[in-house]
Amino acid sequence: MRLLGLIGYPLSHSFSPEYFRQKFRQEGYSGWDYKAFPLQDIRLLPELLSSHPALIGFNVTYPYKESVMSYLHTLEDEALQVGAVNTVLVGREGLVGFNTDAPAFRQMVVKHGVQPGMKAVVLGTGGAAKAVVHALKGCGVSTLQVSRKGRSGVVAYQELEEDQLASADLVVQTTPLGMSPLEGQKPRIPYAALSYRQLVIDLIYQPAQTPFLAEADRRGARTLNGLEMLYLQAELSWNIWHASSYDLP
């Protein structure tokens with residue numbers, strides 16, 4: 001058995017285990033499985049690895065995309081540039097970190113019309129936000145980040161002006177607000193500034209429409225949740241694990 005998995009907390013919302021198990025069934029990959037491993041603390045990772053010797057790779061979700069890096073032996077170039085990891089390969093020489101969020105997000109937004117010269121507002125500054133900003137930079141899109149506390153290059157929510165939000169071609173929500181256990185919550189931004197001319201994305205996919213996306217819908221914006229990105233990054237992760245599995249005994 002070759003085991004893959006997902007670490008994070010909580011994980012009750014995740015579609016990843018079912019996505020991969022269905023993939024294994026449909027594509028005939030016998031001897032593979034994918035499990036969710038909810039970790040209340042990232043410090044439990046070494047114990048998880050020692051108790052599951054068949055684990056050859058795992059995805060990383062909120063809130064460990066940055067803190068997991070201290071447990072890795074090597075970082076792939078894009079993960080190093082992003083400063084966050086969402087895919088780990090358990091290799092012969094230790095744990096190798098990758099970031100498949102950034103290329104997945106890049107593929108998704110280009111498909112939906114994002115072009116060089118556009119402007120984006122990115123809500124959040126965590127590991128997912130880092131991947132989004134990195135991807136948008138690669139697309140030639142300028143970004144304004146918003147967080148609870150302002151600092152150099154980052155605007156606080158209470159300081160975000162309507163004109164700044166209205167002038168954005170793309171607005172991306174990267175925080176856990178709206179997802180279990182924070183259902184019903186949304187970032188505090190001037191929603192009246194959203195309009196039909198914008199693409200508004202929430203990286204959350206469960207629920208399919210968060211309060212944030214509902215506000216954007218009411219103002220006529222084109223909206224996307226994170227399900228398409230989830231599938232894209234899952235396939236990129238699978239390519240890493242599957243290719244590496246040929247070197248395993």
# chains A, B, ... in the order shown; residues from 1 in each chain; ligands from 1

$ residues_around --residues "A:Ala243" --least-positions-apart "5" --cutoff "12 Å" --atoms "only C-alpha atoms" --output "JSON, numbers by chain"
{"A": [56, 57, 89, 91, 235, 236, 237, 238, 248]}

$ write_last_selection --atoms "C-alpha atoms" --output "PDB file, in the first residue's frame"
ATOM      1  CA  ILE A  56       5.015   8.678   0.766  1.00  0.00           C
ATOM      2  CA  GLY A  57       3.533  12.161   0.492  1.00  0.00           C
ATOM      3  CA  LEU A  89       7.190  14.277  -0.668  1.00  0.00           C
ATOM      4  CA  GLY A  91      11.725  10.827   0.021  1.00  0.00           C
ATOM      5  CA  GLU A 235      -3.250  16.869  -9.948  1.00  0.00           C
ATOM      6  CA  LEU A 236       0.038  18.752  -9.702  1.00  0.00           C
ATOM      7  CA  SER A 237       0.666  17.100  -6.319  1.00  0.00           C
ATOM      8  CA  TRP A 238      -0.210  13.687  -7.741  1.00  0.00           C
ATOM      9  CA  LEU A 248      10.442   3.404  -4.099  1.00  0.00           C
TER      10      LEU A 248
END

$ residues_around --residues "A:Val133" --least-positions-apart "3" --cutoff "9 Å" --atoms "only C-alpha atoms" --output "MDAnalysis selection string"
chainID A and resid 82 102 122 128:130 136:138 141:145

$ closest_residue --among "A:Lys186, A:Lys119, A:Arg92, A:Lys35" --to "A:Ile204" --atoms "only C-alpha atoms"
A:Lys186

$ select_by_dssp --residues "stretch 19-145 of chain A" --states "strand (DSSP E)" --output "PyMOL selection string"
chain A and resi 32-38+55-60+74-75+87-91+94-98+119-123+142-145

$ write_last_selection --atoms "C-alpha atoms" --output "CSV table (one decimal), in the first residue's frame"
chain,number,residue,atom,x,y,z
A,32,TRP,CA,-2.9,3.5,-3.3
A,33,ASP,CA,-4.9,5.3,-0.6
A,34,TYR,CA,-5.4,8.9,0.6
A,35,LYS,CA,-6.4,9.8,4.2
A,36,ALA,CA,-7.1,12.9,6.2
A,37,PHE,CA,-4.8,13.4,9.3
A,38,PRO,CA,-6.2,16.2,11.4
A,55,LEU,CA,3.1,7.5,3.8
A,56,ILE,CA,5.0,8.7,0.8
A,57,GLY,CA,3.5,12.2,0.5
A,58,PHE,CA,1.0,14.5,1.9
A,59,ASN,CA,-0.8,17.8,1.3
A,60,VAL,CA,-0.8,20.6,3.8
A,74,THR,CA,14.6,20.5,1.2
A,75,LEU,CA,12.4,23.1,-0.6
A,87,THR,CA,2.7,19.5,-0.9
A,88,VAL,CA,5.3,17.3,0.8
A,89,LEU,CA,7.2,14.3,-0.7
A,90,VAL,CA,8.5,11.8,1.8
A,91,GLY,CA,11.7,10.8,0.0
A,94,GLY,CA,13.9,13.3,4.0
A,95,LEU,CA,10.9,15.6,3.5
A,96,VAL,CA,10.8,17.7,0.3
A,97,GLY,CA,8.4,20.7,0.2
A,98,PHE,CA,6.6,21.9,-2.9
A,119,LYS,CA,-4.8,45.0,-10.4
A,120,ALA,CA,-5.8,42.7,-7.5
A,121,VAL,CA,-6.7,43.1,-3.9
A,122,VAL,CA,-5.7,40.0,-1.8
A,123,LEU,CA,-7.4,39.5,1.6
A,142,SER,CA,-0.1,44.1,-9.2
A,143,THR,CA,-1.4,43.3,-5.8
A,144,LEU,CA,-2.6,45.1,-2.7
A,145,GLN,CA,-2.7,42.9,0.4

$ closest_atom_pairs --of "stretch 175-237 of chain A" --to "stretch 152-165 of chain A" --cutoff "10 Å" --atoms "only C-alpha atoms" --output "tab-separated table"
residue	atom	partner	partner_atom	distance
A:Pro187	CA	A:Tyr157	CA	8.0
A:Arg188	CA	A:Tyr157	CA	6.4
A:Ile189	CA	A:Tyr157	CA	6.4
A:Pro190	CA	A:Glu162	CA	5.9
A:Tyr191	CA	A:Glu162	CA	8.3
A:Ala192	CA	A:Glu162	CA	7.8
A:Ala193	CA	A:Glu162	CA	5.5
A:Leu194	CA	A:Leu165	CA	7.0
A:Ser195	CA	A:Leu165	CA	9.8
A:Gln198	CA	A:Leu165	CA	9.9

$ residues_around --residues "A:Leu48" --least-positions-apart "3" --cutoff "9 Å" --atoms "only C-alpha atoms" --output "list in words"
Phe37, Leu39, Leu44, Leu45, Ser51 and His52 of chain A

$ atom_distance --atom1 "atom CA of A:His112" --atom2 "atom CA of A:Ala135"
14.1 Å

$ residues_around --residues "A:Asn99" --least-positions-apart "6" --cutoff "6 Å" --atoms "only C-alpha atoms" --output "PDB file with N, CA and C atoms, in the first residue's frame"
ATOM      1  N   ALA A  79       8.377  26.696  -3.974  1.00  0.00           N
ATOM      2  CA  ALA A  79       8.017  26.743  -2.558  1.00  0.00           C
ATOM      3  C   ALA A  79       8.911  27.724  -1.816  1.00  0.00           C
ATOM      4  N   VAL A  85       4.333  25.983   1.843  1.00  0.00           N
ATOM      5  CA  VAL A  85       4.331  24.627   1.281  1.00  0.00           C
ATOM      6  C   VAL A  85       2.946  24.024   1.430  1.00  0.00           C
ATOM      7  N   ASN A  86       2.441  23.412   0.365  1.00  0.00           N
ATOM      8  CA  ASN A  86       1.172  22.692   0.470  1.00  0.00           C
ATOM      9  C   ASN A  86       1.284  21.233   0.026  1.00  0.00           C
ATOM     10  N   THR A  87       2.475  20.832  -0.419  1.00  0.00           N
ATOM     11  CA  THR A  87       2.703  19.457  -0.870  1.00  0.00           C
ATOM     12  C   THR A  87       4.060  18.986  -0.374  1.00  0.00           C
TER      13      THR A  87
END

$ closest_residue --among "A:Pro46, A:Glu76, A:Asp41, A:Arg197" --to "A:Pro10" --atoms "only C-alpha atoms"
A:Asp41

$ closest_residue --among "A:Glu47, A:Glu183, A:Asp202, A:Glu93" --to "A:Leu170" --atoms "only C-alpha atoms"
A:Asp202

$ closest_residue --among "A:Gln206, A:Ser244, A:Ser167, A:Ser16" --to "A:Ser180" --atoms "only C-alpha atoms"
A:Gln206

$ residues_around --residues "A:Met179" --least-positions-apart "3" --cutoff "9 Å" --atoms "only C-alpha atoms" --output "list in words"
His13, Thr175, Pro176, Leu182, Glu183, Gly184, Gln185, Ile204, Tyr205, Gln206, Pro207 and Thr210 of chain A

$ atom_distance --atom1 "atom CA of A:Ser30" --atom2 "atom CA of A:Ile240"
17.8 Å

$ closest_residue --among "A:Tyr29, A:Tyr71, A:Lys23, A:Ile42" --to "A:Met1" --atoms "only C-alpha atoms"
A:Tyr29

$ closest_residue --among "A:Ala131, A:Ala104, A:Val68, A:Ala168" --to "A:Gly117" --atoms "only C-alpha atoms"
A:Ala168

$ select_by_dssp --residues "stretch 80-248 of chain A" --states "alpha helix (DSSP H)" --output "ChimeraX atom specification"
/A:80-82,101-111,127-138,162-166,211-218,227-245

$ residues_around --residues "A:Met229" --least-positions-apart "2" --cutoff "7 Å" --atoms "only C-alpha atoms" --output "PDB file with C-alpha atoms, in the first residue's frame"
ATOM      1  CA  ALA A 104      -2.805  25.958  -9.795  1.00  0.00           C
ATOM      2  CA  PHE A 105      -4.070  29.446  -8.990  1.00  0.00           C
ATOM      3  CA  MET A 108      -7.179  29.089 -12.957  1.00  0.00           C
ATOM      4  CA  GLY A 226     -11.723  27.386  -4.633  1.00  0.00           C
ATOM      5  CA  LEU A 227     -12.883  24.019  -5.961  1.00  0.00           C
ATOM      6  CA  TYR A 231      -8.513  19.992  -8.356  1.00  0.00           C
ATOM      7  CA  LEU A 232      -5.665  21.671 -10.247  1.00  0.00           C
ATOM      8  CA  GLN A 233      -3.274  21.610  -7.297  1.00  0.00           C
TER       9      GLN A 233
END

$ atom_distance --atom1 "atom CA of A:Thr100" --atom2 "atom CA of A:Gly31"
24.1 Å
